[in-house]
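What follows is the content of target-v7.json (JSON, C-alpha atoms).
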```json
[["chain", "number", "residue", "atom", "x", "y", "z"],
["L", 14, "MET", "CA", 0.00, 0.00, 0.00],
["L", 15, "PRO", "CA", 1.43, 3.43, -0.85],
["L", 16, "GLN", "CA", 2.55, 5.54, 2.08],
["L", 17, "ASN", "CA", 2.47, 8.93, 0.37],
["L", 18, "ALA", "CA", 1.82, 11.56, 3.01],
["L", 19, "ARG", "CA", 1.15, 15.23, 3.40],
["L", 20, "ARG", "CA", 4.22, 17.15, 4.50],
["L", 21, "THR", "CA", 4.03, 18.30, 8.10],
["L", 22, "ALA", "CA", 6.53, 20.03, 10.34],
["L", 23, "ARG", "CA", 7.35, 16.73, 12.05],
["L", 24, "ARG", "CA", 7.87, 14.83, 8.80],
["L", 25, "ARG", "CA", 10.02, 17.62, 7.38],
["L", 26, "ARG", "CA", 12.12, 17.63, 10.54],
["L", 27, "LEU", "CA", 12.46, 13.84, 10.50],
["L", 28, "GLY", "CA", 13.38, 13.77, 6.80],
["L", 29, "THR", "CA", 16.03, 16.44, 7.20],
["L", 30, "ALA", "CA", 17.57, 14.64, 10.18],
["L", 31, "LEU", "CA", 17.67, 11.33, 8.28],
["L", 32, "ARG", "CA", 19.31, 12.95, 5.27],
["L", 33, "GLU", "CA", 21.93, 14.58, 7.51],
["L", 34, "ALA", "CA", 22.61, 11.23, 9.21],
["L", 35, "ARG", "CA", 22.99, 9.51, 5.82],
["L", 36, "GLU", "CA", 25.38, 12.14, 4.53],
["L", 37, "ALA", "CA", 27.42, 12.07, 7.76],
["L", 38, "ALA", "CA", 27.78, 8.28, 7.33],
["L", 39, "GLU", "CA", 28.77, 8.80, 3.67],
["L", 40, "ILE", "CA", 25.99, 6.50, 2.51],
["L", 41, "THR", "CA", 24.53, 7.12, -0.95],
["L", 42, "ALA", "CA", 20.81, 7.45, -1.53],
["L", 43, "THR", "CA", 20.91, 4.29, -3.63],
["L", 44, "GLN", "CA", 22.56, 2.28, -0.85],
["L", 45, "ALA", "CA", 20.02, 3.52, 1.72],
["L", 46, "ALA", "CA", 17.08, 2.81, -0.59],
["L", 47, "GLN", "CA", 18.27, -0.73, -1.29],
["L", 48, "THR", "CA", 18.73, -1.41, 2.42],
["L", 49, "ILE", "CA", 15.03, -0.68, 3.10],
["L", 50, "HIS", "CA", 14.04, -2.59, -0.07],
["L", 51, "SER", "CA", 12.92, 0.53, -1.87],
["L", 52, "ASP", "CA", 14.12, 2.94, -4.55],
["L", 53, "ASN", "CA", 15.66, 6.41, -4.71],
["L", 54, "THR", "CA", 12.28, 8.04, -5.32],
["L", 55, "LYS", "CA", 10.83, 6.77, -2.05],
["L", 56, "LEU", "CA", 13.97, 7.67, -0.11],
["L", 57, "SER", "CA", 13.89, 11.18, -1.56],
["L", 58, "ARG", "CA", 10.26, 11.52, -0.49],
["L", 59, "ILE", "CA", 11.12, 10.33, 3.03],
["L", 60, "GLU", "CA", 13.96, 12.84, 3.28],
["L", 61, "THR", "CA", 11.73, 15.71, 2.10],
["L", 62, "GLY", "CA", 8.86, 14.80, 4.45],
["L", 63, "ARG", "CA", 6.54, 13.56, 1.71],
["L", 64, "HIS", "CA", 6.49, 9.89, 2.66],
["L", 65, "ARG", "CA", 5.88, 8.09, 5.93],
["L", 66, "VAL", "CA", 8.64, 5.93, 7.35],
["L", 67, "THR", "CA", 7.84, 2.78, 9.33],
["L", 68, "ARG", "CA", 9.50, 1.85, 12.62],
["L", 69, "LEU", "CA", 11.23, -1.11, 10.91],
["L", 70, "GLU", "CA", 12.60, 1.15, 8.14],
["L", 71, "LEU", "CA", 13.77, 3.63, 10.75],
["L", 72, "GLU", "CA", 15.61, 0.99, 12.78],
["L", 73, "THR", "CA", 17.19, -0.34, 9.56],
["L", 74, "LEU", "CA", 18.44, 3.14, 8.66],
["L", 75, "PHE", "CA", 19.77, 3.63, 12.19],
["L", 76, "ALA", "CA", 21.88, 0.52, 11.75],
["L", 77, "LEU", "CA", 23.08, 1.53, 8.29],
["L", 78, "TYR", "CA", 23.94, 5.09, 9.36],
["L", 79, "GLU", "CA", 25.41, 3.87, 12.67],
["L", 80, "VAL", "CA", 23.15, 6.17, 14.68],
["L", 81, "LYS", "CA", 24.12, 5.17, 18.23],
["L", 82, "ASP", "CA", 23.21, 8.32, 20.13],
["L", 83, "GLU", "CA", 20.22, 7.21, 22.23],
["L", 84, "LYS", "CA", 18.82, 10.72, 22.57],
["L", 85, "LEU", "CA", 18.91, 11.21, 18.80],
["L", 86, "ARG", "CA", 17.31, 7.82, 18.18],
["L", 87, "GLU", "CA", 14.57, 8.59, 20.71],
["L", 88, "TRP", "CA", 13.93, 11.97, 19.05],
["L", 89, "LEU", "CA", 13.68, 10.49, 15.55],
["L", 90, "ILE", "CA", 11.41, 7.68, 16.72],
["L", 91, "ALA", "CA", 9.14, 10.24, 18.41],
["L", 92, "LEU", "CA", 9.01, 12.35, 15.25],
["L", 93, "ALA", "CA", 8.06, 9.30, 13.18],
["L", 94, "ALA", "CA", 5.40, 8.20, 15.66],
["L", 95, "GLU", "CA", 3.84, 11.66, 15.85],
["L", 96, "GLY", "CA", 3.96, 12.01, 12.08],
["L", 97, "ASN", "CA", 2.00, 8.78, 11.62],
["L", 98, "LYS", "CA", -0.78, 9.55, 14.13],
["L", 99, "ARG", "CA", -4.35, 9.54, 12.87],
["L", 100, "SER", "CA", -5.74, 13.08, 12.95],
["L", 101, "TRP", "CA", -9.08, 13.84, 14.64],
["L", 102, "TRP", "CA", -10.14, 15.94, 11.64],
["L", 103, "ARG", "CA", -9.30, 13.29, 9.03],
["L", 104, "LYS", "CA", -12.97, 12.62, 8.25],
["L", 105, "HIS", "CA", -13.24, 16.23, 7.03],
["L", 106, "SER", "CA", -9.98, 16.26, 5.04],
["L", 107, "ASP", "CA", -11.76, 16.68, 1.68],
["L", 108, "LYS", "CA", -13.09, 20.05, 2.88],
["L", 109, "ILE", "CA", -9.85, 21.32, 4.42],
["L", 110, "GLY", "CA", -6.96, 22.92, 2.54],
["L", 111, "PRO", "CA", -3.29, 22.02, 3.14],
["L", 112, "ASP", "CA", -2.50, 25.12, 5.23],
["L", 113, "LEU", "CA", -5.41, 24.47, 7.57],
["L", 114, "LYS", "CA", -4.43, 20.80, 7.85],
["L", 115, "GLU", "CA", -0.94, 21.87, 8.88],
["L", 116, "LEU", "CA", -2.38, 24.27, 11.47],
["L", 117, "LEU", "CA", -4.65, 21.58, 12.92],
["L", 118, "SER", "CA", -1.72, 19.16, 13.19],
["L", 119, "LEU", "CA", 0.42, 21.73, 14.96],
["L", 120, "GLU", "CA", -2.34, 22.68, 17.40],
["L", 121, "ALA", "CA", -3.18, 19.07, 18.21],
["L", 122, "ASP", "CA", 0.32, 18.15, 19.36],
["L", 123, "ALA", "CA", 1.84, 21.36, 20.75],
["L", 124, "ALA", "CA", 2.55, 21.60, 24.45],
["L", 125, "ARG", "CA", 2.58, 25.39, 24.27],
["L", 126, "ILE", "CA", 1.17, 27.91, 21.79],
["L", 127, "THR", "CA", 2.14, 31.58, 21.73],
["L", 128, "THR", "CA", 0.02, 33.87, 19.55],
["L", 129, "PHE", "CA", 0.37, 37.52, 18.68],
["L", 130, "GLN", "CA", -2.70, 38.87, 16.88],
["L", 131, "ALA", "CA", -2.93, 42.43, 15.61],
["L", 132, "HIS", "CA", -6.40, 42.33, 14.08],
["L", 133, "VAL", "CA", -8.84, 39.81, 15.58],
["L", 134, "VAL", "CA", -9.26, 37.56, 18.61],
["L", 135, "PRO", "CA", -7.29, 34.36, 17.87],
["L", 136, "GLY", "CA", -9.40, 31.47, 16.58],
["L", 137, "LEU", "CA", -8.74, 29.22, 19.58],
["L", 138, "LEU", "CA", -10.33, 31.84, 21.87],
["L", 139, "GLN", "CA", -13.30, 32.84, 19.70],
["L", 140, "THR", "CA", -16.94, 32.39, 20.63],
["L", 141, "ARG", "CA", -19.28, 30.79, 18.10],
["L", 142, "ASN", "CA", -20.96, 34.09, 17.23],
["L", 143, "TYR", "CA", -17.66, 35.96, 16.83],
["L", 144, "ALA", "CA", -16.23, 33.13, 14.72],
["L", 145, "ALA", "CA", -19.31, 33.11, 12.49],
["L", 146, "ALA", "CA", -18.98, 36.87, 11.94],
["L", 147, "ILE", "CA", -15.28, 36.49, 11.06],
["L", 148, "ILE", "CA", -15.73, 33.52, 8.72],
["L", 149, "SER", "CA", -18.76, 34.86, 6.86],
["L", 150, "GLY", "CA", -17.20, 38.32, 6.61],
["L", 151, "CYS", "CA", -13.91, 37.04, 5.19],
["L", 152, "ASN", "CA", -15.58, 35.08, 2.37],
["L", 153, "GLU", "CA", -19.03, 36.20, 1.32],
["L", 154, "ARG", "CA", -19.22, 33.37, -1.24],
["L", 155, "LEU", "CA", -19.51, 30.74, 1.48],
["L", 156, "THR", "CA", -22.95, 29.19, 1.86],
["L", 157, "LYS", "CA", -24.69, 29.11, 5.22],
["L", 158, "GLU", "CA", -23.82, 25.41, 5.49],
["L", 159, "GLU", "CA", -20.15, 26.06, 4.73],
["L", 160, "VAL", "CA", -19.96, 28.83, 7.32],
["L", 161, "GLU", "CA", -21.51, 26.46, 9.86],
["L", 162, "PHE", "CA", -18.96, 23.77, 8.99],
["L", 163, "TYR", "CA", -15.98, 26.07, 9.51],
["L", 164, "VAL", "CA", -17.45, 27.47, 12.73],
["L", 165, "ASP", "CA", -17.96, 23.92, 14.05],
["L", 166, "LEU", "CA", -14.38, 23.08, 13.08],
["L", 167, "ARG", "CA", -13.07, 26.16, 14.90],
["L", 168, "MET", "CA", -15.01, 25.22, 18.02],
["L", 169, "ALA", "CA", -13.67, 21.64, 17.84],
["L", 170, "ARG", "CA", -10.11, 22.98, 17.69],
["L", 171, "GLN", "CA", -10.61, 24.43, 21.16],
["L", 172, "ASP", "CA", -10.86, 20.92, 22.66],
["L", 173, "ILE", "CA", -7.08, 21.00, 23.13],
["L", 174, "PHE", "CA", -7.76, 23.06, 26.27],
["L", 175, "GLN", "CA", -10.03, 20.37, 27.72],
["L", 176, "ARG", "CA", -7.47, 17.56, 27.74],
["L", 177, "GLU", "CA", -6.06, 16.01, 30.90],
["L", 178, "GLU", "CA", -2.85, 17.91, 30.17],
["L", 179, "PRO", "CA", -4.17, 20.97, 28.32],
["L", 180, "THR", "CA", -2.06, 22.97, 25.92],
["L", 181, "ARG", "CA", -0.63, 26.12, 27.50],
["L", 182, "HIS", "CA", -1.48, 29.26, 25.58],
["L", 183, "LEU", "CA", -0.01, 32.76, 25.71],
["L", 184, "VAL", "CA", -2.01, 35.32, 23.72],
["L", 185, "ILE", "CA", -0.89, 38.88, 23.04],
["L", 186, "VAL", "CA", -3.23, 41.29, 21.25],
["L", 187, "TYR", "CA", -3.42, 44.98, 20.47],
["L", 188, "GLU", "CA", -6.08, 46.98, 22.31],
["L", 189, "GLY", "CA", -7.70, 47.61, 18.92],
["L", 190, "VAL", "CA", -8.61, 43.91, 18.71],
["L", 191, "LEU", "CA", -10.79, 44.41, 21.80],
["L", 192, "ARG", "CA", -12.56, 47.43, 20.31],
["L", 193, "GLN", "CA", -13.16, 46.35, 16.71],
["L", 194, "GLN", "CA", -16.89, 45.60, 16.75],
["L", 195, "ILE", "CA", -16.87, 42.45, 14.66],
["L", 196, "GLY", "CA", -20.40, 41.10, 14.68],
["L", 197, "GLY", "CA", -21.69, 44.19, 16.53],
["L", 198, "ARG", "CA", -21.60, 45.40, 20.12],
["L", 199, "ARG", "CA", -23.42, 42.42, 21.60],
["L", 200, "VAL", "CA", -21.23, 39.82, 19.87],
["L", 201, "LEU", "CA", -18.05, 41.65, 20.84],
["L", 202, "ALA", "CA", -19.18, 42.05, 24.47],
["L", 203, "GLU", "CA", -19.91, 38.32, 24.61],
["L", 204, "GLN", "CA", -16.47, 37.63, 23.16],
["L", 205, "LEU", "CA", -14.73, 39.83, 25.71],
["L", 206, "ARG", "CA", -16.57, 38.16, 28.59],
["L", 207, "HIS", "CA", -15.42, 34.84, 27.16],
["L", 208, "LEU", "CA", -11.79, 36.02, 27.21],
["L", 209, "ILE", "CA", -12.15, 36.96, 30.86],
["L", 210, "SER", "CA", -13.51, 33.50, 31.67],
["L", 211, "LEU", "CA", -10.63, 31.83, 29.83],
["L", 212, "SER", "CA", -7.83, 33.82, 31.47],
["L", 213, "ARG", "CA", -6.13, 31.61, 34.05],
["L", 214, "PRO", "CA", -2.34, 31.98, 34.06],
["L", 215, "PRO", "CA", -0.14, 30.10, 33.48],
["L", 216, "GLU", "CA", -2.36, 27.71, 31.50],
["L", 217, "MET", "CA", -4.05, 30.57, 29.61],
["L", 218, "THR", "CA", -2.38, 33.97, 29.70],
["L", 219, "ILE", "CA", -3.88, 36.92, 27.84],
["L", 220, "GLN", "CA", -1.97, 40.19, 27.57],
["L", 221, "VAL", "CA", -3.00, 43.42, 25.85],
["L", 222, "ILE", "CA", -0.75, 46.08, 24.30],
["L", 223, "PRO", "CA", -2.62, 49.33, 25.03],
["L", 224, "PHE", "CA", -3.00, 52.32, 22.74],
["L", 225, "SER", "CA", -1.00, 54.30, 25.29],
["L", 226, "GLN", "CA", 2.11, 52.19, 24.63],
["L", 227, "GLY", "CA", 4.63, 54.03, 22.50],
["L", 228, "ALA", "CA", 7.06, 52.51, 20.02],
["L", 229, "PHE", "CA", 8.37, 49.13, 21.10],
["L", 230, "ASP", "CA", 10.54, 46.27, 19.91],
["L", 231, "GLY", "CA", 8.26, 43.51, 18.66],
["L", 232, "ALA", "CA", 6.63, 41.88, 15.67],
["L", 233, "ARG", "CA", 5.37, 43.67, 12.58],
["L", 234, "GLY", "CA", 2.51, 41.25, 11.95],
["L", 235, "SER", "CA", 0.46, 38.46, 13.49],
["L", 236, "PHE", "CA", 2.00, 35.03, 14.07],
["L", 237, "SER", "CA", 1.80, 31.91, 16.22],
["L", 238, "MET", "CA", 4.58, 29.76, 17.65],
["L", 239, "PHE", "CA", 3.96, 26.08, 18.40],
["L", 240, "SER", "CA", 6.34, 24.47, 20.89],
["L", 241, "TYR", "CA", 6.84, 20.76, 21.51],
["L", 242, "PRO", "CA", 8.35, 19.12, 24.59],
["L", 243, "ASP", "CA", 11.06, 16.46, 24.79],
["L", 244, "PRO", "CA", 11.76, 14.23, 23.02],
["L", 245, "LEU", "CA", 10.49, 16.26, 20.03],
["L", 246, "ASP", "CA", 11.90, 19.53, 21.35],
["L", 247, "PHE", "CA", 11.32, 21.98, 18.50],
["L", 248, "ASP", "CA", 9.32, 25.06, 17.60],
["L", 249, "VAL", "CA", 7.37, 26.03, 14.49],
["L", 250, "VAL", "CA", 6.23, 29.57, 13.64],
["L", 251, "GLN", "CA", 3.12, 30.15, 11.54],
["L", 252, "VAL", "CA", 2.77, 33.44, 9.68],
["L", 253, "GLU", "CA", -0.45, 34.00, 7.76],
["L", 254, "TYR", "CA", -0.72, 36.00, 4.54],
["L", 255, "LEU", "CA", -3.63, 36.85, 2.22],
["L", 256, "ASP", "CA", -4.27, 33.40, 0.75],
["L", 257, "GLY", "CA", -2.20, 31.01, 2.82],
["L", 258, "ALA", "CA", 0.42, 30.63, 5.53],
["L", 259, "LEU", "CA", 4.15, 30.15, 5.96],
["L", 260, "TYR", "CA", 5.56, 27.61, 8.42],
["L", 261, "LEU", "CA", 9.04, 28.56, 9.62],
["L", 262, "GLU", "CA", 11.30, 26.06, 11.36],
["L", 263, "GLU", "CA", 14.90, 27.21, 10.96],
["L", 264, "ASP", "CA", 16.50, 27.76, 14.37],
["L", 265, "ALA", "CA", 17.78, 31.26, 13.52],
["L", 266, "THR", "CA", 14.34, 32.36, 12.30],
["L", 267, "VAL", "CA", 12.56, 30.87, 15.30],
["L", 268, "LYS", "CA", 14.94, 32.72, 17.65],
["L", 269, "LYS", "CA", 13.99, 36.02, 16.01],
["L", 270, "TYR", "CA", 10.35, 35.34, 16.78],
["L", 271, "GLN", "CA", 11.21, 34.33, 20.33],
["L", 272, "ARG", "CA", 12.91, 37.71, 20.75],
["L", 273, "ALA", "CA", 9.84, 39.38, 19.23],
["L", 274, "ILE", "CA", 7.66, 37.65, 21.82],
["L", 275, "ASP", "CA", 9.87, 39.02, 24.59],
["L", 276, "GLY", "CA", 9.47, 42.53, 23.14],
["L", 277, "LEU", "CA", 5.70, 42.17, 22.83],
["L", 278, "ARG", "CA", 5.33, 40.93, 26.39],
["L", 279, "ALA", "CA", 7.44, 43.82, 27.67],
["L", 280, "ALA", "CA", 5.15, 46.28, 25.88],
["L", 281, "ALA", "CA", 1.94, 44.61, 27.05],
["L", 282, "LEU", "CA", 0.01, 45.03, 30.27],
["L", 283, "SER", "CA", 0.28, 42.26, 32.82],
["L", 284, "SER", "CA", -2.33, 39.49, 32.73],
["L", 285, "SER", "CA", -4.34, 41.02, 35.60],
["L", 286, "GLN", "CA", -4.18, 44.53, 34.12],
["L", 287, "SER", "CA", -5.22, 43.14, 30.75],
["L", 288, "THR", "CA", -8.22, 41.40, 32.31],
["L", 289, "GLU", "CA", -9.25, 44.68, 33.91],
["L", 290, "MET", "CA", -9.04, 46.46, 30.55],
["L", 291, "ILE", "CA", -11.07, 43.72, 28.82],
["L", 292, "ALA", "CA", -13.75, 43.94, 31.52],
["L", 293, "SER", "CA", -13.88, 47.74, 31.24],
["L", 294, "ILE", "CA", -14.39, 47.62, 27.45],
["L", 295, "ALA", "CA", -17.06, 44.94, 27.88],
["L", 296, "ARG", "CA", -18.94, 47.17, 30.30],
["L", 297, "GLU", "CA", -18.77, 50.04, 27.81],
["L", 298, "LEU", "CA", -20.32, 47.81, 25.15],
["L", 299, "GLU", "CA", -23.06, 46.59, 27.48],
["L", 300, "THR", "CA", -24.27, 50.05, 28.56]]
```

Write-out of the structure in structure tokens:
Amino acid sequence: MPQNARRTARRRRLGTALREAREAAEITATQAAQTIHSDNTKLSRIETGRHRVTRLELETLFALYEVKDEKLREWLIALAAEGNKRSWWRKHSDKIGPDLKELLSLEADAARITTFQAHVVPGLLQTRNYAAAIISGCNERLTKEEVEFYVDLRMARQDIFQREEPTRHLVIVYEGVLRQQIGGRRVLAEQLRHLISLSRPPEMTIQVIPFSQGAFDGARGSFSMFSYPDPLDFDVVQVEYLDGALYLEEDATVKKYQRAIDGLRAAALSSSQSTEMIASIARELET
């Protein structure tokens, strides 16, 4: 049965590590392919994250490449196992584009998510009414049924916070996000009350950069960083653009975004001060 797979951050990371191990061992692609009873095409797809690798194939390559470092072996095995997991949203895959599939995979497995949003409340914190206003407003060609589907999907994504070991989430937003009346005053007030109910540091930390803050060292646009614990131990940054998203994994690039997060947090109000501001704006909307 073919094992062709969608590229994900984990598979790309695994493929790159396997290629580096092969090259360090001075093994040719042809030799490696023959050892796992395959061909150069399949090996190339494994090394570029486009093909799943079985545990048996992985162990065979470890032996061929003389990978004896236990920590490295454990890391690669974890990457392969995570990359082969069945996704909760698989039954809807015909309705979901590749960028959204990548986002869902990252959210499902991350131990920590850090989001900076300059324009709207992040999707994982949205209420149903706010989400519906966003989704229908962004694409007026969607039918009522399609809007409902994407709203349901967005609500299902939030289940990561209901797990036995919930994902930790740090959210940083501009004050303007809290004042932009998406869906109208009532919908926004409901959304702000929802943010207040969610705020529970350190599991869920919400910080606001107020209008009164002057120039500061931070990001120029919205992004999210997904962090994974040992043995995976890596970070992926998602940056959205008009009709898609970029997924950045290079260590030097990730470090730049980590520094940007530090700058954003320094410019933002504390969690408690942010909650007070959110509550004040909600009261304004409700009067």

Exercise for review: For Thr21 (chain L), please output as a list in words all residues within 8 Å (counting all atoms listed in the file; exclusion window: fewer than 4 positions along the same chain).
Suggested key: Arg25, Gly62, Gly96, Glu115 and Ser118 of chain L

Check your understanding: What does the distance between CA of Phe174 (chain L) and CA of Ala144 (chain L) come to in Å, to one decimal place?
Key -> 17.5 Å

Practice item. Grab the CA of Ile148 (chain L) to CA of Leu211 (chain L) distance for me, in Å with one decimal place. Key: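 CA of Leu211 (chain L) lies at a distance of 21.8 Å from CA of Ile148 (chain L).
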
Within 12 Å of region 258-269 of chain L: each region 78-174 of chain L residue with its shortest pair, all atoms listed in the file, as a Markdown table:
```
| residue | atom | partner | partner_atom | distance |
| --- | --- | --- | --- | --- |
| L:Gly110 | CA | L:Ala258 | CA | 11.1 |
| L:Pro111 | CA | L:Ala258 | CA | 9.7 |
| L:Asp112 | CA | L:Ala258 | CA | 6.2 |
| L:Leu113 | CA | L:Ala258 | CA | 8.7 |
| L:Lys114 | CA | L:Ala258 | CA | 11.2 |
| L:Glu115 | CA | L:Tyr260 | CA | 8.7 |
| L:Leu116 | CA | L:Tyr260 | CA | 9.1 |
| L:Leu119 | CA | L:Tyr260 | CA | 10.2 |
```

Check your understanding: Which one of L:Glu60, L:Glu83, L:Asp52, L:Asp275 sits closest to Arg23 (chain L) if you count all atoms listed in the file?
Key ->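 Nearest to Arg23 (chain L): L:Glu60.
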
Review point. Pick from L:Ile59, L:Leu71, L:Val184, L:Ala295: nearest to Gly136 (chain L), with only C-alpha atoms counted?
Key: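 Selected residue with least distance to Gly136 (chain L): L:Val184.
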
Review point. Using all atoms listed in the file, which of L:Val134, L:Ile219, L:Ala202, L:Ala121 sits nearest Ile173 (chain L)?
Key: L:Ala121

Exercise for review: Up to 12 Å from (-24.0, 43.5, 14.0) in the file's coordinates: name the residues, counting only C-alpha atoms, as a ChimeraX atom specification.
Suggested key: /L:142-143,145-147,150,193-202

Can you write out the residues you just picked, keeping C-alpha atoms, as a compact mmCIF listing (two decimals), keeping the file's coordinate frame?
```txt
# COMPACT_ATOMS: atom_id res chain seq x y z
CA ASN L 142 -20.96 34.09 17.23
CA TYR L 143 -17.66 35.96 16.83
CA ALA L 145 -19.31 33.11 12.49
CA ALA L 146 -18.98 36.87 11.94
CA ILE L 147 -15.28 36.49 11.06
CA GLY L 150 -17.20 38.32 6.61
CA GLN L 193 -13.16 46.35 16.71
CA GLN L 194 -16.89 45.60 16.75
CA ILE L 195 -16.87 42.45 14.66
CA GLY L 196 -20.40 41.10 14.68
CA GLY L 197 -21.69 44.19 16.53
CA ARG L 198 -21.60 45.40 20.12
CA ARG L 199 -23.42 42.42 21.60
CA VAL L 200 -21.23 39.82 19.87
CA LEU L 201 -18.05 41.65 20.84
CA ALA L 202 -19.18 42.05 24.47
```

Check your understanding: If you measure from CA of Thr140 (chain L) to CA of Arg278 (chain L), what distance in Å do you get, rounded to one decimal?
Key ->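 It comes out at 24.5 Å.
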
Exercise for review: List the neighbours of Asp122 (chain L) out to 9 Å using all atoms listed in the file; skip same-chain residues closer than 2 positions along the sequence, and give me the result as a list in words.
Suggested key: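 That gives Glu95, Leu117, Ser118, Leu119, Glu120, Ala124, Ile173, Thr180, Phe239, Ser240 and Tyr241 of chain L.
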
Atoms kept (N, CA and C atoms) for region 208-220 of chain L, as a PDB file, in the first residue's frame:
```pdb
ATOM      1  N   LEU L 208     -13.232  35.896  26.947  1.00  0.00           N
ATOM      2  CA  LEU L 208     -11.792  36.019  27.208  1.00  0.00           C
ATOM      3  C   LEU L 208     -11.509  36.085  28.705  1.00  0.00           C
ATOM      4  N   ILE L 209     -12.331  36.839  29.407  1.00  0.00           N
ATOM      5  CA  ILE L 209     -12.149  36.960  30.861  1.00  0.00           C
ATOM      6  C   ILE L 209     -12.294  35.591  31.530  1.00  0.00           C
ATOM      7  N   SER L 210     -13.283  34.823  31.075  1.00  0.00           N
ATOM      8  CA  SER L 210     -13.514  33.501  31.671  1.00  0.00           C
ATOM      9  C   SER L 210     -12.381  32.522  31.356  1.00  0.00           C
ATOM     10  N   LEU L 211     -11.717  32.722  30.227  1.00  0.00           N
ATOM     11  CA  LEU L 211     -10.633  31.827  29.834  1.00  0.00           C
ATOM     12  C   LEU L 211      -9.328  32.136  30.552  1.00  0.00           C
ATOM     13  N   SER L 212      -9.113  33.380  30.919  1.00  0.00           N
ATOM     14  CA  SER L 212      -7.830  33.819  31.469  1.00  0.00           C
ATOM     15  C   SER L 212      -7.547  33.149  32.809  1.00  0.00           C
ATOM     16  N   ARG L 213      -6.532  32.301  32.822  1.00  0.00           N
ATOM     17  CA  ARG L 213      -6.125  31.610  34.046  1.00  0.00           C
ATOM     18  C   ARG L 213      -4.642  31.254  33.955  1.00  0.00           C
ATOM     19  N   PRO L 214      -3.782  32.233  34.142  1.00  0.00           N
ATOM     20  CA  PRO L 214      -2.345  31.983  34.060  1.00  0.00           C
ATOM     21  C   PRO L 214      -1.923  30.886  35.049  1.00  0.00           C
ATOM     22  N   PRO L 215      -0.936  30.045  34.713  1.00  0.00           N
ATOM     23  CA  PRO L 215      -0.137  30.102  33.482  1.00  0.00           C
ATOM     24  C   PRO L 215      -0.711  29.281  32.331  1.00  0.00           C
ATOM     25  N   GLU L 216      -1.812  28.542  32.578  1.00  0.00           N
ATOM     26  CA  GLU L 216      -2.363  27.706  31.504  1.00  0.00           C
ATOM     27  C   GLU L 216      -2.854  28.564  30.329  1.00  0.00           C
ATOM     28  N   MET L 217      -3.556  29.643  30.643  1.00  0.00           N
ATOM     29  CA  MET L 217      -4.053  30.566  29.612  1.00  0.00           C
ATOM     30  C   MET L 217      -3.726  31.984  30.056  1.00  0.00           C
ATOM     31  N   THR L 218      -2.809  32.612  29.360  1.00  0.00           N
ATOM     32  CA  THR L 218      -2.382  33.969  29.702  1.00  0.00           C
ATOM     33  C   THR L 218      -2.725  34.895  28.555  1.00  0.00           C
ATOM     34  N   ILE L 219      -3.482  35.941  28.860  1.00  0.00           N
ATOM     35  CA  ILE L 219      -3.884  36.923  27.845  1.00  0.00           C
ATOM     36  C   ILE L 219      -3.310  38.279  28.235  1.00  0.00           C
ATOM     37  N   GLN L 220      -2.555  38.879  27.319  1.00  0.00           N
ATOM     38  CA  GLN L 220      -1.972  40.195  27.573  1.00  0.00           C
ATOM     39  C   GLN L 220      -2.323  41.150  26.440  1.00  0.00           C
TER      40      GLN L 220
END
```
